[in-house]
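run00.cif follows (mmCIF, C-alpha atoms):
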```cif
data_entry
loop_
_atom_site.group_PDB
_atom_site.id
_atom_site.type_symbol
_atom_site.label_atom_id
_atom_site.label_comp_id
_atom_site.auth_asym_id
_atom_site.auth_seq_id
_atom_site.Cartn_x
_atom_site.Cartn_y
_atom_site.Cartn_z
ATOM 1 C CA VAL F 1168 -16.374 118.722 80.268
ATOM 2 C CA PHE F 1169 -18.699 117.880 83.177
ATOM 3 C CA LYS F 1170 -17.383 120.846 85.175
ATOM 4 C CA GLN F 1171 -18.842 123.245 82.615
ATOM 5 C CA PHE F 1172 -22.430 122.230 83.411
ATOM 6 C CA PRO F 1173 -24.483 121.838 86.607
ATOM 7 C CA LYS F 1174 -25.378 118.255 87.510
ATOM 8 C CA ASN F 1175 -29.079 118.914 87.084
ATOM 9 C CA SER F 1176 -28.668 120.531 83.649
ATOM 10 C CA ASP F 1177 -29.824 118.963 80.378
ATOM 11 C CA GLU F 1178 -26.293 119.246 78.986
ATOM 12 C CA TYR F 1179 -24.836 117.266 81.889
ATOM 13 C CA LYS F 1180 -27.437 114.501 81.472
ATOM 14 C CA GLN F 1181 -26.876 114.323 77.707
ATOM 15 C CA ILE F 1182 -23.090 114.048 78.023
ATOM 16 C CA ASN F 1183 -23.513 111.346 80.677
ATOM 17 C CA GLU F 1184 -25.820 109.389 78.358
ATOM 18 C CA TRP F 1185 -23.284 109.630 75.523
ATOM 19 C CA LEU F 1186 -20.465 108.384 77.756
ATOM 20 C CA ASN F 1187 -22.585 105.440 78.921
ATOM 21 C CA LYS F 1188 -23.386 104.540 75.309
ATOM 22 C CA ILE F 1189 -19.681 104.688 74.408
ATOM 23 C CA ALA F 1190 -18.860 102.400 77.363
ATOM 24 C CA GLU F 1191 -21.575 99.953 76.276
ATOM 25 C CA ARG F 1192 -20.261 99.877 72.702
ATOM 26 C CA GLU F 1193 -16.730 99.293 73.983
ATOM 27 C CA VAL F 1194 -17.932 96.296 76.009
ATOM 28 C CA GLU F 1195 -19.696 94.920 72.939
ATOM 29 C CA ALA F 1196 -16.684 95.496 70.679
ATOM 30 C CA TYR F 1197 -14.290 93.774 73.080
ATOM 31 C CA LYS F 1198 -16.787 90.980 73.785
ATOM 32 C CA ILE F 1199 -16.539 91.579 77.515
ATOM 33 C CA HIS F 1200 -18.922 89.374 79.473
ATOM 34 C CA LYS F 1201 -19.421 90.562 83.051
ATOM 35 C CA PHE F 1202 -20.924 88.391 85.773
ATOM 36 C CA THR F 1203 -22.145 89.221 89.261
ATOM 37 C CA ALA F 1204 -22.767 85.517 89.904
ATOM 38 C CA VAL F 1205 -21.770 82.243 88.254
ATOM 39 C CA PRO F 1206 -23.676 78.943 88.670
ATOM 40 C CA LEU F 1207 -22.209 76.381 91.048
ATOM 41 C CA PHE F 1208 -21.339 73.229 89.111
ATOM 42 C CA PHE F 1209 -20.016 70.941 91.847
ATOM 43 C CA ASP F 1210 -19.170 71.040 95.555
ATOM 44 C CA MET F 1211 -16.292 68.878 96.825
ATOM 45 C CA ASP F 1212 -18.157 68.434 100.108
ATOM 46 C CA LEU F 1213 -20.306 65.939 98.232
ATOM 47 C CA ILE F 1214 -17.229 63.707 97.867
ATOM 48 C CA LYS F 1215 -15.514 64.398 101.164
ATOM 49 C CA SER F 1216 -16.527 66.553 104.112
ATOM 50 C CA GLY F 1217 -14.136 69.508 104.136
ATOM 51 C CA GLY F 1218 -12.881 68.593 100.690
ATOM 52 C CA SER F 1219 -11.062 71.279 98.754
ATOM 53 C CA GLY F 1220 -9.254 71.687 95.453
ATOM 54 C CA SER F 1221 -5.872 73.135 94.519
ATOM 55 C CA ARG F 1222 -5.152 71.796 91.021
ATOM 56 C CA MET F 1223 -7.370 70.402 88.306
ATOM 57 C CA ALA F 1224 -6.668 68.466 85.095
ATOM 58 C CA LEU F 1225 -8.986 67.354 82.308
ATOM 59 C CA TYR F 1226 -9.045 64.608 79.699
ATOM 60 C CA GLN F 1227 -12.098 64.803 77.439
ATOM 61 C CA LYS F 1228 -15.008 64.763 79.932
ATOM 62 C CA SER F 1229 -13.099 63.321 82.879
ATOM 63 C CA ALA F 1230 -11.548 65.698 85.431
ATOM 64 C CA VAL F 1231 -9.214 64.959 88.337
ATOM 65 C CA ILE F 1232 -8.800 67.329 91.273
ATOM 66 C CA LEU F 1233 -5.824 67.439 93.622
ATOM 67 C CA ASP F 1234 -6.718 68.347 97.216
ATOM 68 C CA LEU F 1235 -3.505 69.531 98.883
ATOM 69 C CA LYS F 1236 -5.276 70.356 102.146
ATOM 70 C CA ASN F 1237 -6.558 66.801 102.702
ATOM 71 C CA LYS F 1238 -3.918 65.032 100.552
ATOM 72 C CA ALA F 1239 -6.492 63.404 98.317
ATOM 73 C CA ILE F 1240 -7.361 63.046 94.635
ATOM 74 C CA TYR F 1241 -10.923 63.183 93.327
ATOM 75 C CA SER F 1242 -12.317 62.161 89.975
ATOM 76 C CA LEU F 1243 -15.298 63.935 88.411
ATOM 77 C CA THR F 1244 -17.128 63.116 85.183
ATOM 78 C CA LEU F 1245 -18.358 66.416 83.788
ATOM 79 C CA ASP F 1246 -21.451 65.248 81.934
ATOM 80 C CA SER F 1247 -22.848 62.998 84.685
ATOM 81 C CA LYS F 1248 -21.228 64.661 87.728
ATOM 82 C CA GLN F 1249 -20.245 61.230 89.029
ATOM 83 C CA ALA F 1250 -17.462 61.724 91.564
ATOM 84 C CA SER F 1251 -15.273 59.672 93.886
ATOM 85 C CA ILE F 1252 -12.079 59.693 95.931
ATOM 86 C CA ILE F 1253 -9.431 57.770 93.979
ATOM 87 C CA ALA F 1254 -6.383 58.304 96.236
ATOM 88 C CA GLY F 1255 -5.560 59.338 99.786
ATOM 89 C CA ALA F 1256 -2.602 60.630 101.777
ATOM 90 C CA GLU F 1257 -0.605 57.387 101.555
ATOM 91 C CA ILE F 1258 -0.390 57.882 97.775
ATOM 92 C CA VAL F 1259 -0.565 61.668 97.426
ATOM 93 C CA LYS F 1260 2.192 62.443 99.954
ATOM 94 C CA GLU F 1261 3.804 65.807 99.093
ATOM 95 C CA THR F 1262 2.417 65.972 95.540
ATOM 96 C CA GLN F 1263 2.036 69.484 94.090
ATOM 97 C CA THR F 1264 1.011 68.741 90.504
ATOM 98 C CA ILE F 1265 -1.444 66.424 88.747
ATOM 99 C CA ALA F 1266 -2.112 65.287 85.186
ATOM 100 C CA THR F 1267 -4.554 62.928 83.496
ATOM 101 C CA HIS F 1268 -4.887 60.882 80.332
ATOM 102 C CA GLY F 1269 -7.288 58.105 79.450
ATOM 103 C CA LYS F 1270 -8.430 56.391 82.637
ATOM 104 C CA SER F 1271 -5.393 57.387 84.681
ATOM 105 C CA ALA F 1272 -4.312 60.257 86.904
ATOM 106 C CA TYR F 1273 -0.586 60.987 87.307
ATOM 107 C CA ILE F 1274 1.141 62.648 90.259
ATOM 108 C CA LEU F 1275 4.746 63.443 91.102
ATOM 109 C CA ASN F 1276 6.208 62.848 94.564
ATOM 110 C CA THR F 1277 9.404 61.538 96.173
ATOM 111 C CA ASP F 1278 8.685 58.046 94.787
ATOM 112 C CA GLY F 1279 8.623 59.391 91.224
ATOM 113 C CA ILE F 1280 5.633 59.548 88.898
ATOM 114 C CA THR F 1281 2.744 57.506 90.226
ATOM 115 C CA ARG F 1282 -0.175 56.420 88.054
ATOM 116 C CA VAL F 1283 -3.572 56.130 89.751
ATOM 117 C CA SER F 1284 -6.211 54.091 87.944
ATOM 118 C CA ILE F 1285 -9.484 56.036 88.040
ATOM 119 C CA PRO F 1286 -11.748 52.973 87.704
ATOM 120 C CA SER F 1287 -9.911 50.668 90.155
ATOM 121 C CA LYS F 1288 -8.342 53.351 92.407
ATOM 122 C CA SER F 1289 -5.113 51.359 92.428
ATOM 123 C CA ALA F 1290 -1.720 53.075 92.286
ATOM 124 C CA LYS F 1291 1.634 52.135 90.755
ATOM 125 C CA VAL F 1292 4.942 53.995 90.392
ATOM 126 C CA ASP F 1293 5.496 54.133 86.630
ATOM 127 C CA ILE F 1294 8.687 56.245 86.651
ATOM 128 C CA ILE F 1295 11.126 56.050 89.562
ATOM 129 C CA ASN F 1296 12.422 59.306 91.036
ATOM 130 C CA ASP F 1297 15.306 60.518 88.865
ATOM 131 C CA LYS F 1298 18.358 62.149 90.484
ATOM 132 C CA ASN F 1299 18.780 64.220 87.306
ATOM 133 C CA TRP F 1300 15.486 66.027 87.865
ATOM 134 C CA GLY F 1301 15.939 69.552 89.157
ATOM 135 C CA GLU F 1302 12.942 71.617 90.296
ATOM 136 C CA ILE F 1303 9.862 70.043 88.691
ATOM 137 C CA THR F 1304 6.998 72.533 88.813
ATOM 138 C CA GLN F 1305 4.533 70.787 86.547
ATOM 139 C CA LEU F 1306 3.645 67.385 85.193
ATOM 140 C CA TYR F 1307 1.520 67.182 82.026
ATOM 141 C CA ALA F 1308 0.110 64.298 79.991
ATOM 142 C CA PHE F 1309 -0.436 64.541 76.245
ATOM 143 C CA ALA F 1310 -1.119 61.797 73.681
ATOM 144 C CA GLY F 1311 -0.264 59.252 76.359
ATOM 145 C CA ASN F 1312 3.205 60.720 76.908
ATOM 146 C CA LEU F 1313 4.352 62.527 80.069
ATOM 147 C CA TYR F 1314 6.161 65.881 80.238
ATOM 148 C CA LEU F 1315 7.942 67.528 83.182
ATOM 149 C CA LEU F 1316 8.722 71.247 83.381
ATOM 150 C CA ASP F 1317 12.116 71.486 85.113
ATOM 151 C CA THR F 1318 12.778 75.118 86.056
ATOM 152 C CA LYS F 1319 16.176 74.416 87.627
ATOM 153 C CA ASN F 1320 17.641 72.648 84.595
ATOM 154 C CA ASN F 1321 15.725 74.799 82.085
ATOM 155 C CA SER F 1322 14.366 71.651 80.509
ATOM 156 C CA ILE F 1323 11.180 69.924 79.501
ATOM 157 C CA TRP F 1324 11.615 66.194 80.058
ATOM 158 C CA LYS F 1325 9.575 63.782 77.963
ATOM 159 C CA TYR F 1326 8.627 60.178 78.671
ATOM 160 C CA ILE F 1327 7.108 58.314 75.742
ATOM 161 C CA ALA F 1328 4.335 55.801 76.419
ATOM 162 C CA ALA F 1329 5.474 52.230 75.751
ATOM 163 C CA GLU F 1330 3.804 48.849 75.941
ATOM 164 C CA ASN F 1331 4.919 48.292 79.528
ATOM 165 C CA GLY F 1332 5.199 51.780 81.009
ATOM 166 C CA PHE F 1333 7.329 54.599 79.638
ATOM 167 C CA SER F 1334 10.602 55.158 77.834
ATOM 168 C CA ALA F 1335 13.727 56.538 79.453
ATOM 169 C CA ARG F 1336 13.937 60.291 80.035
ATOM 170 C CA THR F 1337 14.529 62.389 76.915
ATOM 171 C CA SER F 1338 14.575 66.125 76.301
ATOM 172 C CA TYR F 1339 11.599 67.596 74.470
ATOM 173 C CA LEU F 1340 13.710 70.622 73.504
ATOM 174 C CA ASN F 1341 16.197 70.227 70.676
ATOM 175 C CA SER F 1342 19.835 70.053 71.766
ATOM 176 C CA ASP F 1343 20.688 73.466 70.277
ATOM 177 C CA VAL F 1344 17.821 75.264 72.071
ATOM 178 C CA SER F 1345 18.817 77.361 75.079
ATOM 179 C CA VAL F 1346 16.032 78.848 77.192
ATOM 180 C CA SER F 1347 15.441 80.006 80.777
ATOM 181 C CA PHE F 1348 12.470 78.623 82.684
ATOM 182 C CA ASP F 1349 13.488 80.340 85.904
ATOM 183 C CA LYS F 1350 10.434 82.619 85.983
ATOM 184 C CA THR F 1351 7.795 80.304 84.570
ATOM 185 C CA ARG F 1352 4.643 78.922 86.148
ATOM 186 C CA LYS F 1353 2.269 76.755 84.141
ATOM 187 C CA MET F 1354 2.547 74.439 81.140
ATOM 188 C CA VAL F 1355 -0.131 73.104 78.788
ATOM 189 C CA ILE F 1356 0.265 71.033 75.639
ATOM 190 C CA ASP F 1357 -1.890 70.719 72.530
ATOM 191 C CA GLY F 1358 0.840 69.465 70.197
ATOM 192 C CA SER F 1359 2.780 72.649 70.863
ATOM 193 C CA VAL F 1360 4.016 73.336 74.405
ATOM 194 C CA TRP F 1361 2.841 76.564 76.074
ATOM 195 C CA VAL F 1362 4.648 77.869 79.179
ATOM 196 C CA THR F 1363 3.493 80.947 81.107
ATOM 197 C CA THR F 1364 5.933 83.468 82.595
ATOM 198 C CA ASP F 1365 5.837 85.638 85.724
ATOM 199 C CA SER F 1366 5.706 88.735 83.532
ATOM 200 C CA GLY F 1367 2.331 87.792 82.041
ATOM 201 C CA GLY F 1368 3.630 86.348 78.795
ATOM 202 C CA ILE F 1369 3.705 82.942 77.147
ATOM 203 C CA MET F 1370 6.577 80.954 75.679
ATOM 204 C CA LYS F 1371 5.555 78.613 72.857
ATOM 205 C CA PHE F 1372 7.508 75.621 71.553
ATOM 206 C CA THR F 1373 6.697 73.460 68.550
ATOM 207 C CA ASN F 1374 8.638 70.327 67.626
ATOM 208 C CA GLY F 1375 11.171 71.154 70.336
ATOM 209 C CA ARG F 1376 11.883 74.683 69.089
ATOM 210 C CA PRO F 1377 10.763 78.139 70.237
ATOM 211 C CA GLU F 1378 8.006 79.714 68.168
ATOM 212 C CA ALA F 1379 7.244 83.433 68.200
ATOM 213 C CA PHE F 1380 4.063 84.206 70.119
ATOM 214 C CA SER F 1381 2.495 87.353 71.537
ATOM 215 C CA PHE F 1382 -0.928 88.589 72.595
ATOM 216 C CA LYS F 1383 -2.561 90.846 70.006
ATOM 217 C CA GLY F 1384 -5.684 92.986 69.963
ATOM 218 C CA ILE F 1385 -5.767 93.796 73.673
ATOM 219 C CA ALA F 1386 -4.876 97.260 74.936
ATOM 220 C CA ASP F 1387 -4.109 96.605 78.613
ATOM 221 C CA ASN F 1388 -1.462 94.388 80.156
ATOM 222 C CA ILE F 1389 -1.921 90.878 81.493
ATOM 223 C CA SER F 1390 -0.127 91.074 84.812
ATOM 224 C CA ASP F 1391 -0.772 87.729 86.486
ATOM 225 C CA ILE F 1392 -1.374 84.523 84.525
ATOM 226 C CA ALA F 1393 -2.389 82.198 87.343
ATOM 227 C CA SER F 1394 -3.520 79.409 85.039
ATOM 228 C CA ILE F 1395 -3.861 78.585 81.349
ATOM 229 C CA PHE F 1396 -5.785 75.950 79.437
ATOM 230 C CA THR F 1397 -6.043 74.540 75.939
ATOM 231 C CA SER F 1398 -5.944 71.119 74.296
ATOM 232 C CA ASP F 1399 -5.692 69.588 70.864
ATOM 233 C CA GLU F 1400 -9.503 69.449 70.848
ATOM 234 C CA ASP F 1401 -9.896 73.156 71.670
ATOM 235 C CA LYS F 1402 -9.733 76.033 69.216
ATOM 236 C CA TYR F 1403 -8.780 78.691 71.750
ATOM 237 C CA LEU F 1404 -6.366 79.490 74.568
ATOM 238 C CA TYR F 1405 -7.878 80.431 77.958
ATOM 239 C CA VAL F 1406 -5.870 82.632 80.320
ATOM 240 C CA LEU F 1407 -6.769 83.272 83.971
ATOM 241 C CA ASP F 1408 -5.673 86.795 84.986
ATOM 242 C CA LYS F 1409 -6.373 86.859 88.730
ATOM 243 C CA ASN F 1410 -5.230 90.425 89.335
ATOM 244 C CA SER F 1411 -7.876 91.703 86.924
ATOM 245 C CA GLN F 1412 -10.506 89.098 87.902
ATOM 246 C CA ARG F 1413 -10.962 87.869 84.353
ATOM 247 C CA ILE F 1414 -10.474 85.007 81.931
ATOM 248 C CA LEU F 1415 -9.111 86.077 78.552
ATOM 249 C CA VAL F 1416 -9.679 84.100 75.368
ATOM 250 C CA PHE F 1417 -7.219 84.135 72.441
ATOM 251 C CA ASP F 1418 -6.902 82.103 69.281
ATOM 252 C CA LYS F 1419 -3.693 80.132 68.941
ATOM 253 C CA GLU F 1420 -2.061 82.862 66.886
ATOM 254 C CA GLY F 1421 -2.496 85.202 69.891
ATOM 255 C CA ASN F 1422 -5.445 87.218 68.567
ATOM 256 C CA TYR F 1423 -7.834 88.441 71.263
ATOM 257 C CA GLN F 1424 -11.333 86.947 71.115
ATOM 258 C CA ALA F 1425 -13.240 87.709 74.322
ATOM 259 C CA GLN F 1426 -13.063 87.974 78.101
ATOM 260 C CA TYR F 1427 -15.139 86.915 81.086
ATOM 261 C CA GLN F 1428 -15.100 89.124 84.171
ATOM 262 C CA TRP F 1429 -16.176 88.002 87.639
ATOM 263 C CA ASP F 1430 -14.936 89.392 90.958
ATOM 264 C CA GLU F 1431 -14.543 85.903 92.471
ATOM 265 C CA LEU F 1432 -11.904 85.017 89.886
ATOM 266 C CA LYS F 1433 -9.409 86.736 92.189
ATOM 267 C CA ASN F 1434 -9.763 83.647 94.404
ATOM 268 C CA ALA F 1435 -9.577 81.046 91.619
ATOM 269 C CA ASP F 1436 -7.148 78.149 92.044
ATOM 270 C CA ASP F 1437 -7.341 76.657 88.554
ATOM 271 C CA LEU F 1438 -9.499 76.245 85.458
ATOM 272 C CA VAL F 1439 -10.222 73.730 82.717
ATOM 273 C CA VAL F 1440 -12.360 74.183 79.619
ATOM 274 C CA SER F 1441 -14.638 72.056 77.470
ATOM 275 C CA GLU F 1442 -15.505 73.789 74.214
ATOM 276 C CA GLU F 1443 -17.701 70.802 73.379
ATOM 277 C CA GLU F 1444 -19.755 71.441 76.528
ATOM 278 C CA LYS F 1445 -19.346 75.226 76.023
ATOM 279 C CA LYS F 1446 -18.184 75.614 79.636
ATOM 280 C CA ILE F 1447 -15.244 77.131 81.504
ATOM 281 C CA TYR F 1448 -14.885 75.263 84.802
ATOM 282 C CA VAL F 1449 -13.332 77.391 87.561
ATOM 283 C CA LEU F 1450 -11.969 75.812 90.735
ATOM 284 C CA ILE F 1451 -12.269 77.953 93.864
ATOM 285 C CA ALA F 1452 -11.379 76.041 97.055
ATOM 286 C CA SER F 1453 -14.138 73.463 97.621
ATOM 287 C CA LYS F 1454 -16.304 74.472 94.669
ATOM 288 C CA ILE F 1455 -16.274 74.279 90.885
ATOM 289 C CA TYR F 1456 -18.217 76.940 88.976
ATOM 290 C CA ALA F 1457 -19.261 76.778 85.329
ATOM 291 C CA ILE F 1458 -19.110 79.845 83.072
ATOM 292 C CA ASP F 1459 -21.037 79.500 79.813
ATOM 293 C CA ILE F 1460 -18.889 80.143 76.738
ATOM 294 C CA LYS F 1461 -20.622 82.781 74.600
#
```

What would the structure in this file look like if it were written as structure tokens?
Amino acid sequence: VFKQFPKNSDEYKQINEWLNKIAEREVEAYKIHKFTAVPLFFDMDLIKSGGSGSRMALYQKSAVILDLKNKAIYSLTLDSKQASIIAGAEIVKETQTIATHGKSAYILNTDGITRVSIPSKSAKVDIINDKNWGEITQLYAFAGNLYLLDTKNNSIWKYIAAENGFSARTSYLNSDVSVSFDKTRKMVIDGSVWVTTDSGGIMKFTNGRPEAFSFKGIADNISDIASIFTSDEDKYLYVLDKNSQRILVFDKEGNYQAQYQWDELKNADDLVVSEEEKKIYVLIASKIYAIDIK
């Protein structure tokens, strides 16, 4: 259409105005929030010089951050921003995943599952390394229990909190459930278990059984789910799509709600969310940024 009119013509200007209005309405309809800058919430340099973050976990208003570069674990209270180092290299070792519940952080290494007390900074191996574990890609804590995503054995192992530690290993999945976790990445739990796939989808399990789930109300594809967050206290599911530099928000039936776009999300390492605080906390190397939930 533009080719029919000179750039300095009234017709060209009018068509351009219409197209801009259509684009604006589309942004409004899809609740697309675009940012050129996001406020800095916390800098890990305040805890440790050269501090950095790779993984982050949240329980209520208490976050723990795993620093793979310096082999350290930091605690951070979101409302007060009180922070400290709670573990160093002698405890962290080759840990790749972190979880938290109550006043404890949990990590997985060659010793097994180690619990780090946030207040006392003491550490204790709660579950000894199990020869039956395959490739454990994520550890998650929910309702005091611990869950391991085992991509080699296509299993989700569950350890139930007991008076003096945890129960023996059990399978979260029912015995007649057969599933492949070969191409999965992240796991979150809110009562149901959500597992992301390399193809940009999500597998959902409830009471040990698969439950149909799909994204609805979004026209384009989600190509790279780098992280996902929800909890039993949150109404929505938050999906970090790094390739498209955005965070997508869905209800728990898969219906699209909104999205937050920011170019720096392509560098994001992880995210956690507090709907109570109305914040999405994004971890990028040594810094945590806070996006206001609208």

Have a look at atom CA of Ile1389 of chain F and atom CA of Tyr1427 of chain F and let me know their distance in Å, one decimal.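 Separation between atom CA of Ile1389 of chain F and atom CA of Tyr1427 of chain F: 13.8 Å.
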
Written as a PyMOL selection string, which residues does the PyMOL selection byres ((chain F and resi 1260-1267) around 10) give for the file shown? chain F and resi 1221-1227+1229-1235+1238-1240+1255-1259+1268-1278+1280-1283+1285+1303-1309+1311+1313-1314

Starting from the PyMOL selection byres ((chain F and resi 1430) around 10), expand the selection into actual residues of this file and give them as a ChimeraX atom specification. /F:1201-1204,1409-1413,1428-1429,1431-1435

Include C-alpha atoms and write out the residues we just selected as a PDB file, keeping the file's coordinate frame.
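result-v2.pdb, freshly written:
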```
ATOM      1  CA  LYS F1201     -19.421  90.562  83.051  1.00  0.00           C
ATOM      2  CA  PHE F1202     -20.924  88.391  85.773  1.00  0.00           C
ATOM      3  CA  THR F1203     -22.145  89.221  89.261  1.00  0.00           C
ATOM      4  CA  ALA F1204     -22.767  85.517  89.904  1.00  0.00           C
ATOM      5  CA  LYS F1409      -6.373  86.859  88.730  1.00  0.00           C
ATOM      6  CA  ASN F1410      -5.230  90.425  89.335  1.00  0.00           C
ATOM      7  CA  SER F1411      -7.876  91.703  86.924  1.00  0.00           C
ATOM      8  CA  GLN F1412     -10.506  89.098  87.902  1.00  0.00           C
ATOM      9  CA  ARG F1413     -10.962  87.869  84.353  1.00  0.00           C
ATOM     10  CA  GLN F1428     -15.100  89.124  84.171  1.00  0.00           C
ATOM     11  CA  TRP F1429     -16.176  88.002  87.639  1.00  0.00           C
ATOM     12  CA  GLU F1431     -14.543  85.903  92.471  1.00  0.00           C
ATOM     13  CA  LEU F1432     -11.904  85.017  89.886  1.00  0.00           C
ATOM     14  CA  LYS F1433      -9.409  86.736  92.189  1.00  0.00           C
ATOM     15  CA  ASN F1434      -9.763  83.647  94.404  1.00  0.00           C
ATOM     16  CA  ALA F1435      -9.577  81.046  91.619  1.00  0.00           C
TER      17      ALA F1435
END
```

List, as a PyMOL selection string, every residue that the PyMOL selection byres ((chain F and resi 1415) around 10) selects in the file provided. chain F and resi 1199+1385+1389+1392+1395+1404-1408+1412-1414+1416-1417+1423-1428

Quick one: residues within 8 Å of Gly1384 of chain F, all atoms listed in the file counted, chain neighbours fewer than 2 positions away excluded, as a PyMOL selection string? chain F and resi 1382+1386+1422-1423

What is the atom CA of Asp1365 of chain F-atom CA of Ser1322 of chain F distance in Å, reported with one decimal?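 Atom CA of Ser1322 of chain F lies 17.2 Å from atom CA of Asp1365 of chain F.
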